[in-house]
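Q: Input: one structure, supplied below.
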Amino acid sequence: MKILFIHQNFPGQFLHLAPELARLGHECLALTDGGNLRTSTTETLKYKHQAQPVDPAATRLGRNYTLMSDRGVSVARACMQLRKQRNYVPDVIFGHSGWGETLFLKEVWPEAKLLIYAEFYYRGRGADVGFDPEFNTANFDQVIVAQGRTCHLGQSLLHADAGVAPTEWQASTFPPALRRMLDVIHDGVNTDLMAPNPQASFALPNGQSVMAGDEVLTFVNRNLEPYRGYHTFLRALPEVLKARPNAQAVIVGGDEVSYGSAPKGEKGWKDTILNEVRNRLDMSRVHFMGKIPYDQFTALMQVSRAHAYLSYPFVLSWSMIEAMSAGAHVIGSATAPVQEVIQDGVNGTLVDFFDIPAWSATLTKALAHPDQFQSLRQAARQTALDRYDQRELLPKMVNFVERHGPKG
């Protein structure tokens, strides 16, 4: 089959799928945003999109749809050129619905099967909106805005032939009529690469290295922000380092905003929250790494004695399951996306997202008595092998594409 992938950050969720489909004999092509600098073995074309300013007073609740549909039009125009210049007609289009890129593709290729990677459906209540009143109050306007943000997501699926979501809880955010269109298949993790390694070491910015078995506390996210509990973790950290004078805290993540809003006058949350607790921290033992290459992330998870992962009721990070695959003791927030994977006291530990004293006490105990949690580390590794092994899930995703194609 001819398969066209659409993703503004390609390869994104298609990192392993596109090469595997090509290996199996399918002809794969990708279309991505002109500013995307990520590389791929898949032939990749770029579309030009210049976001136009939106007048909130004029568009009001429609401003999100305006932004997303404008991108969708840019993609559709690029696809029209692709059809005209190359006489290109895909059998299957597989695109992420998050940014409106797939909205109008059936107008270009009505004969193609359209598949959607459906990551999350916004809700006015019961998910991220209003979960953390400190940063996001669930007033009437916020609830309505969240509902307004679903317009392009619903349209994307309504015009599609099928969709896939990575977790059961994320699939459950979609209304029943759309949920019925979704398969649940996680992207999977490389459990051979993300595996326990007693010889692992990780270099700190101060020139020292920590080894597997050392007292290392880790926190990892794409960006350091409230959606991922950065504020809760950092506010719990002073008591942890006070109780454990040999512990090293390694924090990975950028200082931008992936989700939610930035603090006033700042691009990110890192220093805003850090300044609250800086004078109570031994900063020689707190190591902000920024964003790091994947091999360093792998080594860090292999040396971690306690790994903190928090999330609003929102999209689950790959990094949590990768940490489990590496045999880390994950202390996670007792929120729906995390609870789908971690069972408290079985393959990890769960703590109330907002209970800072409980986070301090739980992280301290995890650092002080690692032997007590060895069975949890082993069970976490087994969870990754049983439920999230890429070797099992990649064929399922291939089957999803082939099954919904015209020859499936």
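Order determines the names: the first chain of the structure tokens is A, the second B, and so forth; residues in each chain are numbered 1 upward, and ligands are numbered 1 upward as they are shown.
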Write out as a PDB file with C-alpha atoms, in the first residue's frame which residues come within 10 Å of range 57-72 of chain A when counting only C-alpha atoms, dropping same-chain ones fewer than 6 positions away.

A:
```
ATOM      1  CA  GLN A   8       3.748  18.358  12.452  1.00  0.00           C
ATOM      2  CA  ASP A  33       5.652  21.205   9.232  1.00  0.00           C
ATOM      3  CA  TYR A  47       4.387  22.005   4.130  1.00  0.00           C
ATOM      4  CA  LYS A  48       4.479  25.737   4.738  1.00  0.00           C
ATOM      5  CA  HIS A  49       2.201  27.130   7.383  1.00  0.00           C
ATOM      6  CA  GLN A  50       2.225  30.689   8.659  1.00  0.00           C
ATOM      7  CA  ALA A  51      -0.149  31.011  11.586  1.00  0.00           C
ATOM      8  CA  ALA A  78       0.200  20.980   0.187  1.00  0.00           C
ATOM      9  CA  SER A  97      -5.469  14.833  15.044  1.00  0.00           C
ATOM     10  CA  GLY A  98      -4.026  17.166  17.676  1.00  0.00           C
ATOM     11  CA  TRP A  99      -3.281  20.175  15.470  1.00  0.00           C
ATOM     12  CA  GLY A 100      -5.958  20.047  12.790  1.00  0.00           C
ATOM     13  CA  GLU A 101      -3.720  18.630  10.079  1.00  0.00           C
ATOM     14  CA  THR A 102      -6.139  15.882   9.016  1.00  0.00           C
ATOM     15  CA  LEU A 103      -9.310  17.986   8.892  1.00  0.00           C
ATOM     16  CA  PHE A 104      -9.665  18.359   5.113  1.00  0.00           C
ATOM     17  CA  LEU A 105      -7.704  15.447   3.674  1.00  0.00           C
ATOM     18  CA  ASP A 141     -15.606  30.075  31.164  1.00  0.00           C
ATOM     19  CA  ILE A 144     -16.804  26.169  28.018  1.00  0.00           C
ATOM     20  CA  VAL A 145     -13.375  26.891  26.509  1.00  0.00           C
ATOM     21  CA  ALA A 146     -12.358  23.247  27.055  1.00  0.00           C
ATOM     22  CA  GLN A 147     -15.504  22.076  25.301  1.00  0.00           C
ATOM     23  CA  GLY A 148     -14.806  24.499  22.472  1.00  0.00           C
ATOM     24  CA  ARG A 149     -11.363  22.945  22.009  1.00  0.00           C
ATOM     25  CA  THR A 150     -12.915  19.598  21.120  1.00  0.00           C
ATOM     26  CA  CYS A 151     -14.462  20.819  17.873  1.00  0.00           C
ATOM     27  CA  HIS A 152     -11.566  19.959  15.557  1.00  0.00           C
ATOM     28  CA  LEU A 153     -10.870  16.688  17.400  1.00  0.00           C
TER      29      LEU A 153
END
```

Q: Determine which residues of range 141-194 of chain A DSSP labels as strand (DSSP E or B) from the backbone of this structure, then write them out as an NGL selection string.

A: :A and (162-165 or 182-184 or 189)

Q: For range 108-117 of chain A, list every protein, DNA or RNA residue within 10 Å, evaluated using only C-alpha atoms, and leave out those in the same chain fewer than 6 positions away; present the list as a PyMOL selection string.

A: chain A and resi 2-7+13-14+76-83+88-98+102+153+156-157+159-166+181-183+400-401+404-406

Q: Could you turn the residues from that selection into a file that holds N, CA and C atoms, as a compact mmCIF listing (two decimals), in the first residue's frame?

A:
```txt
# COMPACT_ATOMS: atom_id res chain seq x y z
N LYS A 2 0.31 2.34 -0.49
CA LYS A 2 0.92 3.66 -0.35
C LYS A 2 0.37 4.27 0.95
N ILE A 3 1.26 4.61 1.87
CA ILE A 3 0.84 5.12 3.18
C ILE A 3 1.46 6.48 3.40
N LEU A 4 0.62 7.48 3.66
CA LEU A 4 1.08 8.84 3.93
C LEU A 4 0.88 9.15 5.41
N PHE A 5 1.97 9.52 6.09
CA PHE A 5 1.90 9.93 7.49
C PHE A 5 1.86 11.45 7.57
N ILE A 6 1.00 11.96 8.45
CA ILE A 6 0.88 13.41 8.66
C ILE A 6 1.11 13.71 10.12
N HIS A 7 2.13 14.50 10.41
CA HIS A 7 2.43 14.84 11.81
C HIS A 7 3.34 16.06 11.80
N GLN A 13 4.81 9.90 17.06
CA GLN A 13 4.32 8.57 17.43
C GLN A 13 4.55 7.52 16.34
N PHE A 14 4.99 7.95 15.17
CA PHE A 14 5.22 7.02 14.06
C PHE A 14 6.69 6.64 13.91
N ALA A 76 -3.89 20.69 3.55
CA ALA A 76 -4.70 20.28 2.40
C ALA A 76 -4.16 20.88 1.10
N ARG A 77 -3.72 22.12 1.15
CA ARG A 77 -3.15 22.75 -0.05
C ARG A 77 -1.86 22.04 -0.48
N ALA A 78 -1.03 21.71 0.50
CA ALA A 78 0.20 20.98 0.19
C ALA A 78 -0.12 19.62 -0.42
N CYS A 79 -1.17 18.98 0.08
CA CYS A 79 -1.57 17.68 -0.44
C CYS A 79 -2.14 17.79 -1.85
N MET A 80 -2.85 18.87 -2.12
CA MET A 80 -3.35 19.09 -3.47
C MET A 80 -2.19 19.20 -4.47
N GLN A 81 -1.14 19.93 -4.04
CA GLN A 81 0.05 20.05 -4.89
C GLN A 81 0.71 18.69 -5.09
N LEU A 82 0.74 17.90 -4.04
CA LEU A 82 1.33 16.56 -4.12
C LEU A 82 0.54 15.69 -5.10
N ARG A 83 -0.76 15.83 -5.07
CA ARG A 83 -1.60 15.04 -6.00
C ARG A 83 -1.38 15.50 -7.44
N TYR A 88 0.08 11.72 -6.95
CA TYR A 88 0.18 10.85 -5.77
C TYR A 88 -1.19 10.65 -5.13
N VAL A 89 -1.58 9.40 -4.96
CA VAL A 89 -2.83 9.06 -4.29
C VAL A 89 -2.53 7.95 -3.27
N PRO A 90 -2.55 8.26 -1.98
CA PRO A 90 -2.26 7.23 -0.99
C PRO A 90 -3.44 6.27 -0.82
N ASP A 91 -3.13 5.05 -0.44
CA ASP A 91 -4.17 4.11 -0.04
C ASP A 91 -4.64 4.40 1.37
N VAL A 92 -3.68 4.79 2.23
CA VAL A 92 -3.97 5.06 3.63
C VAL A 92 -3.27 6.35 4.04
N ILE A 93 -4.00 7.20 4.76
CA ILE A 93 -3.42 8.38 5.41
C ILE A 93 -3.53 8.13 6.91
N PHE A 94 -2.41 8.30 7.62
CA PHE A 94 -2.40 8.10 9.07
C PHE A 94 -1.85 9.38 9.68
N GLY A 95 -2.71 10.13 10.38
CA GLY A 95 -2.29 11.41 10.92
C GLY A 95 -2.71 11.60 12.36
N HIS A 96 -1.96 12.44 13.05
CA HIS A 96 -2.29 12.84 14.42
C HIS A 96 -3.31 13.97 14.35
N SER A 97 -4.38 13.86 15.15
CA SER A 97 -5.47 14.83 15.04
C SER A 97 -5.26 16.07 15.91
N GLY A 98 -4.17 16.13 16.65
CA GLY A 98 -4.03 17.17 17.68
C GLY A 98 -3.94 18.59 17.18
N THR A 102 -5.38 16.87 9.80
CA THR A 102 -6.14 15.88 9.02
C THR A 102 -7.54 16.35 8.63
N LEU A 153 -11.16 18.09 17.09
CA LEU A 153 -10.87 16.69 17.40
C LEU A 153 -12.04 15.79 16.98
N SER A 156 -12.23 15.61 13.16
CA SER A 156 -11.19 14.75 12.61
C SER A 156 -11.63 13.29 12.59
N LEU A 157 -12.22 12.84 13.69
CA LEU A 157 -12.65 11.44 13.75
C LEU A 157 -13.90 11.18 12.92
N HIS A 159 -14.74 12.33 10.16
CA HIS A 159 -14.41 12.20 8.75
C HIS A 159 -13.41 11.08 8.49
N ALA A 160 -13.03 10.37 9.54
CA ALA A 160 -12.03 9.31 9.41
C ALA A 160 -12.71 7.94 9.29
N ASP A 161 -11.90 6.96 8.96
CA ASP A 161 -12.38 5.58 8.88
C ASP A 161 -12.16 4.82 10.18
N ALA A 162 -11.14 5.19 10.93
CA ALA A 162 -10.86 4.54 12.21
C ALA A 162 -9.82 5.36 12.95
N GLY A 163 -9.67 5.08 14.24
CA GLY A 163 -8.67 5.78 15.05
C GLY A 163 -8.04 4.85 16.05
N VAL A 164 -6.95 5.32 16.63
CA VAL A 164 -6.25 4.54 17.65
C VAL A 164 -5.82 5.48 18.77
N ALA A 165 -5.94 5.02 20.02
CA ALA A 165 -5.51 5.77 21.20
C ALA A 165 -4.49 4.93 21.94
N PRO A 166 -3.55 5.57 22.67
CA PRO A 166 -2.47 4.80 23.30
C PRO A 166 -2.84 4.12 24.61
N MET A 181 -15.00 4.15 17.61
CA MET A 181 -14.14 4.13 16.44
C MET A 181 -12.68 3.79 16.78
N LEU A 182 -12.35 3.73 18.06
CA LEU A 182 -10.96 3.66 18.48
C LEU A 182 -10.52 2.27 18.90
N ASP A 183 -9.37 1.85 18.41
CA ASP A 183 -8.62 0.75 18.99
C ASP A 183 -7.68 1.35 20.03
N PHE A 400 -3.31 -2.90 12.54
CA PHE A 400 -4.33 -1.86 12.53
C PHE A 400 -4.33 -1.12 11.19
N VAL A 401 -3.13 -0.76 10.70
CA VAL A 401 -3.04 -0.04 9.44
C VAL A 401 -3.45 -0.93 8.28
N HIS A 404 -7.27 -1.77 8.07
CA HIS A 404 -8.16 -0.69 7.65
C HIS A 404 -7.84 -0.16 6.25
N GLY A 405 -6.78 -0.68 5.67
CA GLY A 405 -6.46 -0.26 4.30
C GLY A 405 -7.41 -0.88 3.30
N PRO A 406 -7.38 -0.42 2.06
CA PRO A 406 -8.33 -0.91 1.05
C PRO A 406 -8.15 -2.40 0.72
```

Q: Give me the residues near Ala334 in chain A as a PyMOL selection string, where near means some atom within 6 Å (using only C-alpha atoms) and where sequence neighbours in that chain fewer than 6 positions away do not count.

A: chain A and resi 350-352

Q: Do you know which residues are at most 12 Å from Phe131 in chain A counting only C-alpha atoms, after dropping those on the same chain fewer than 6 positions away, and could you put them as a ChimeraX atom specification?

A: /A:123-125,137-139,142-143,226-227,229,260,311-314,335-336,353-354

Q: Convert the current residue selection to file output with N, CA and C atoms, as a PDB file, in the first residue's frame.

A:
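To be explicit, this is the file written out as out28.pdb:
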```pdb
ATOM      1  N   ARG A 123     -12.033  17.823  27.971  1.00  0.00           N
ATOM      2  CA  ARG A 123     -13.281  17.793  28.731  1.00  0.00           C
ATOM      3  C   ARG A 123     -13.392  19.044  29.595  1.00  0.00           C
ATOM      4  N   GLY A 124     -14.618  19.508  29.773  1.00  0.00           N
ATOM      5  CA  GLY A 124     -14.838  20.617  30.693  1.00  0.00           C
ATOM      6  C   GLY A 124     -14.688  20.182  32.138  1.00  0.00           C
ATOM      7  N   ARG A 125     -15.008  18.916  32.400  1.00  0.00           N
ATOM      8  CA  ARG A 125     -14.887  18.364  33.757  1.00  0.00           C
ATOM      9  C   ARG A 125     -14.370  16.936  33.673  1.00  0.00           C
ATOM     10  N   THR A 137      -8.487  27.016  37.454  1.00  0.00           N
ATOM     11  CA  THR A 137      -9.785  26.923  38.115  1.00  0.00           C
ATOM     12  C   THR A 137     -10.861  26.517  37.118  1.00  0.00           C
ATOM     13  N   ALA A 138     -11.757  25.650  37.564  1.00  0.00           N
ATOM     14  CA  ALA A 138     -12.823  25.158  36.683  1.00  0.00           C
ATOM     15  C   ALA A 138     -14.041  26.072  36.746  1.00  0.00           C
ATOM     16  N   ASN A 139     -13.835  27.359  36.419  1.00  0.00           N
ATOM     17  CA  ASN A 139     -14.992  28.248  36.364  1.00  0.00           C
ATOM     18  C   ASN A 139     -15.754  27.999  35.057  1.00  0.00           C
ATOM     19  N   GLN A 142     -13.828  28.519  31.786  1.00  0.00           N
ATOM     20  CA  GLN A 142     -12.818  27.499  31.500  1.00  0.00           C
ATOM     21  C   GLN A 142     -13.459  26.217  30.984  1.00  0.00           C
ATOM     22  N   VAL A 143     -14.583  25.838  31.582  1.00  0.00           N
ATOM     23  CA  VAL A 143     -15.294  24.636  31.147  1.00  0.00           C
ATOM     24  C   VAL A 143     -15.760  24.783  29.701  1.00  0.00           C
ATOM     25  N   PRO A 226       3.436  22.564  35.822  1.00  0.00           N
ATOM     26  CA  PRO A 226       2.425  22.021  36.746  1.00  0.00           C
ATOM     27  C   PRO A 226       1.702  20.788  36.220  1.00  0.00           C
ATOM     28  N   TYR A 227       1.424  20.715  34.915  1.00  0.00           N
ATOM     29  CA  TYR A 227       0.708  19.553  34.372  1.00  0.00           C
ATOM     30  C   TYR A 227       1.404  18.248  34.740  1.00  0.00           C
ATOM     31  N   GLY A 229       3.358  17.979  37.523  1.00  0.00           N
ATOM     32  CA  GLY A 229       3.627  17.946  38.954  1.00  0.00           C
ATOM     33  C   GLY A 229       4.975  18.468  39.384  1.00  0.00           C
ATOM     34  N   GLY A 260      -0.896  23.756  29.215  1.00  0.00           N
ATOM     35  CA  GLY A 260      -1.310  24.812  30.125  1.00  0.00           C
ATOM     36  C   GLY A 260      -0.707  26.147  29.727  1.00  0.00           C
ATOM     37  N   SER A 311       1.305  13.428  37.082  1.00  0.00           N
ATOM     38  CA  SER A 311       0.594  13.968  35.922  1.00  0.00           C
ATOM     39  C   SER A 311      -0.828  14.332  36.315  1.00  0.00           C
ATOM     40  N   TYR A 312      -1.304  15.449  35.797  1.00  0.00           N
ATOM     41  CA  TYR A 312      -2.735  15.722  35.819  1.00  0.00           C
ATOM     42  C   TYR A 312      -3.452  14.557  35.113  1.00  0.00           C
ATOM     43  N   PRO A 313      -4.766  14.446  35.226  1.00  0.00           N
ATOM     44  CA  PRO A 313      -5.516  13.510  34.376  1.00  0.00           C
ATOM     45  C   PRO A 313      -5.417  13.971  32.918  1.00  0.00           C
ATOM     46  N   PHE A 314      -4.406  13.466  32.257  1.00  0.00           N
ATOM     47  CA  PHE A 314      -4.055  13.950  30.917  1.00  0.00           C
ATOM     48  C   PHE A 314      -3.282  12.847  30.209  1.00  0.00           C
ATOM     49  N   THR A 335      -3.408   9.431  39.983  1.00  0.00           N
ATOM     50  CA  THR A 335      -4.304  10.021  38.992  1.00  0.00           C
ATOM     51  C   THR A 335      -4.578   8.976  37.914  1.00  0.00           C
ATOM     52  N   ALA A 336      -5.699   9.144  37.222  1.00  0.00           N
ATOM     53  CA  ALA A 336      -6.221   8.090  36.345  1.00  0.00           C
ATOM     54  C   ALA A 336      -5.217   7.548  35.327  1.00  0.00           C
ATOM     55  N   PHE A 353      -1.631  13.412  44.437  1.00  0.00           N
ATOM     56  CA  PHE A 353      -0.907  14.415  43.652  1.00  0.00           C
ATOM     57  C   PHE A 353      -0.540  15.641  44.484  1.00  0.00           C
ATOM     58  N   PHE A 354      -1.423  16.069  45.378  1.00  0.00           N
ATOM     59  CA  PHE A 354      -1.255  17.347  46.077  1.00  0.00           C
ATOM     60  C   PHE A 354      -0.638  17.222  47.472  1.00  0.00           C
TER      61      PHE A 354
END
```

Q: Using only C-alpha atoms, which protein or nucleic acid residues come within 12 Å of Leu24 in chain A? Drop anything in the same chain fewer than 4 positions from it, and give the result as a PyMOL selection string.

A: chain A and resi 1+17-20+28+395+398-399+402

Q: Among range 74-228 of chain A, which residues carry a DSSP assignment of helix (DSSP H, G or I), reported as a PyMOL selection string?

A: chain A and resi 74-86+105-108+140-148+151-158+168-172+176-179+226-228

Q: Keeping N, CA and C atoms for every residue in the selection just given, could you write it to a file as a short mmCIF file (atom, residue, chain, number, x, y, z; two decimals), in the first residue's frame?

A:
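Writing the result to selection30.cif gives the following:
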```
data_model
loop_
_atom_site.label_atom_id
_atom_site.label_comp_id
_atom_site.auth_asym_id
_atom_site.auth_seq_id
_atom_site.Cartn_x
_atom_site.Cartn_y
_atom_site.Cartn_z
N SER A 74 -3.63 24.60 5.29
CA SER A 74 -2.25 24.60 4.77
C SER A 74 -1.83 23.20 4.35
N VAL A 75 -2.19 22.21 5.19
CA VAL A 75 -1.85 20.82 4.87
C VAL A 75 -2.61 20.36 3.63
N ALA A 76 -3.89 20.69 3.55
CA ALA A 76 -4.70 20.28 2.40
C ALA A 76 -4.16 20.88 1.10
N ARG A 77 -3.72 22.12 1.15
CA ARG A 77 -3.15 22.75 -0.05
C ARG A 77 -1.86 22.04 -0.48
N ALA A 78 -1.03 21.71 0.50
CA ALA A 78 0.20 20.98 0.19
C ALA A 78 -0.12 19.62 -0.42
N CYS A 79 -1.17 18.98 0.08
CA CYS A 79 -1.57 17.68 -0.44
C CYS A 79 -2.14 17.79 -1.85
N MET A 80 -2.85 18.87 -2.12
CA MET A 80 -3.35 19.09 -3.47
C MET A 80 -2.19 19.20 -4.47
N GLN A 81 -1.14 19.93 -4.04
CA GLN A 81 0.05 20.05 -4.89
C GLN A 81 0.71 18.69 -5.09
N LEU A 82 0.74 17.90 -4.04
CA LEU A 82 1.33 16.56 -4.12
C LEU A 82 0.54 15.69 -5.10
N ARG A 83 -0.76 15.83 -5.07
CA ARG A 83 -1.60 15.04 -6.00
C ARG A 83 -1.38 15.50 -7.44
N LYS A 84 -1.32 16.81 -7.63
CA LYS A 84 -1.20 17.33 -8.98
C LYS A 84 0.19 17.08 -9.57
N GLN A 85 1.23 17.35 -8.78
CA GLN A 85 2.59 17.30 -9.31
C GLN A 85 3.13 15.89 -9.43
N ARG A 86 2.75 15.03 -8.48
CA ARG A 86 3.26 13.66 -8.49
C ARG A 86 2.21 12.63 -8.90
N LEU A 105 -8.42 16.35 4.59
CA LEU A 105 -7.70 15.45 3.67
C LEU A 105 -8.65 14.61 2.83
N LYS A 106 -9.86 14.35 3.34
CA LYS A 106 -10.83 13.61 2.53
C LYS A 106 -11.31 14.43 1.33
N GLU A 107 -11.15 15.75 1.40
CA GLU A 107 -11.50 16.59 0.25
C GLU A 107 -10.45 16.48 -0.84
N VAL A 108 -9.24 16.12 -0.45
CA VAL A 108 -8.15 15.96 -1.43
C VAL A 108 -8.14 14.54 -1.99
N PHE A 140 -16.89 28.64 34.95
CA PHE A 140 -17.77 28.39 33.80
C PHE A 140 -17.05 28.65 32.48
N ASP A 141 -16.30 29.74 32.41
CA ASP A 141 -15.61 30.07 31.16
C ASP A 141 -14.58 29.01 30.79
N GLN A 142 -13.83 28.52 31.79
CA GLN A 142 -12.82 27.50 31.50
C GLN A 142 -13.46 26.22 30.98
N VAL A 143 -14.58 25.84 31.58
CA VAL A 143 -15.29 24.64 31.15
C VAL A 143 -15.76 24.78 29.70
N ILE A 144 -16.31 25.94 29.37
CA ILE A 144 -16.80 26.17 28.02
C ILE A 144 -15.65 26.20 27.01
N VAL A 145 -14.54 26.84 27.39
CA VAL A 145 -13.37 26.89 26.51
C VAL A 145 -12.86 25.47 26.21
N ALA A 146 -12.81 24.62 27.25
CA ALA A 146 -12.36 23.25 27.06
C ALA A 146 -13.27 22.51 26.08
N GLN A 147 -14.58 22.70 26.23
CA GLN A 147 -15.50 22.08 25.30
C GLN A 147 -15.32 22.61 23.88
N GLY A 148 -15.04 23.91 23.79
CA GLY A 148 -14.81 24.50 22.47
C GLY A 148 -13.58 23.92 21.78
N CYS A 151 -13.78 20.77 19.17
CA CYS A 151 -14.46 20.82 17.87
C CYS A 151 -13.65 20.15 16.77
N HIS A 152 -12.37 20.53 16.64
CA HIS A 152 -11.57 19.96 15.56
C HIS A 152 -11.24 18.49 15.81
N LEU A 153 -11.16 18.09 17.09
CA LEU A 153 -10.87 16.69 17.40
C LEU A 153 -12.04 15.79 16.98
N GLY A 154 -13.25 16.25 17.29
CA GLY A 154 -14.43 15.50 16.88
C GLY A 154 -14.57 15.43 15.37
N GLN A 155 -14.34 16.56 14.70
CA GLN A 155 -14.45 16.59 13.24
C GLN A 155 -13.44 15.64 12.61
N SER A 156 -12.23 15.61 13.16
CA SER A 156 -11.19 14.75 12.61
C SER A 156 -11.63 13.29 12.59
N LEU A 157 -12.22 12.84 13.69
CA LEU A 157 -12.65 11.44 13.75
C LEU A 157 -13.90 11.18 12.92
N LEU A 158 -14.82 12.13 12.91
CA LEU A 158 -16.06 11.94 12.15
C LEU A 158 -15.81 11.74 10.66
N GLU A 168 -6.21 3.06 27.58
CA GLU A 168 -7.65 2.94 27.79
C GLU A 168 -8.23 4.22 28.35
N TRP A 169 -7.52 4.84 29.31
CA TRP A 169 -8.08 6.05 29.91
C TRP A 169 -8.13 7.19 28.89
N GLN A 170 -7.10 7.35 28.08
CA GLN A 170 -7.13 8.40 27.07
C GLN A 170 -8.25 8.14 26.05
N ALA A 171 -8.46 6.89 25.71
CA ALA A 171 -9.58 6.57 24.81
C ALA A 171 -10.91 6.91 25.47
N SER A 172 -11.00 6.74 26.79
CA SER A 172 -12.25 6.98 27.51
C SER A 172 -12.64 8.44 27.55
N PRO A 176 -18.91 8.53 23.66
CA PRO A 176 -19.18 7.15 23.24
C PRO A 176 -19.25 6.95 21.72
N ALA A 177 -19.86 7.89 21.01
CA ALA A 177 -19.99 7.73 19.56
C ALA A 177 -18.63 7.71 18.87
N LEU A 178 -17.65 8.45 19.43
CA LEU A 178 -16.30 8.46 18.86
C LEU A 178 -15.44 7.35 19.46
N ARG A 179 -15.68 7.03 20.72
CA ARG A 179 -14.89 5.97 21.37
C ARG A 179 -15.04 4.65 20.61
N PRO A 226 3.44 22.56 35.82
CA PRO A 226 2.43 22.02 36.75
C PRO A 226 1.70 20.79 36.22
N TYR A 227 1.42 20.72 34.92
CA TYR A 227 0.71 19.55 34.37
C TYR A 227 1.40 18.25 34.74
N ARG A 228 2.71 18.29 34.91
CA ARG A 228 3.49 17.11 35.25
C ARG A 228 4.01 17.16 36.69
#
```

Q: Tell me which protein, DNA and RNA residues are within 9 Å of Leu281 in chain A, counting only C-alpha atoms, leaving out same-chain ones fewer than 5 positions away, and put them as a list in words.

A: Leu237, Pro238, Glu239, Leu241, Lys242 and Val286 of chain A

Q: Could you check which of A:Asn279, A:Gln339, A:Asn221, A:Thr32 is closest to Ala308 in chain A, using only C-alpha atoms?

A: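 Among A:Asn279, A:Gln339, A:Asn221, A:Thr32, it is A:Asn221 that comes nearest to Ala308 in chain A.
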
Q: Can you work out which one of A:Val220, A:Ala306, A:Val315, A:Leu385 has the shortest atom-to-atom distance to His369 in chain A, counting only C-alpha atoms?

A: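 Result for the nearest residue to His369 in chain A: A:Ala306.
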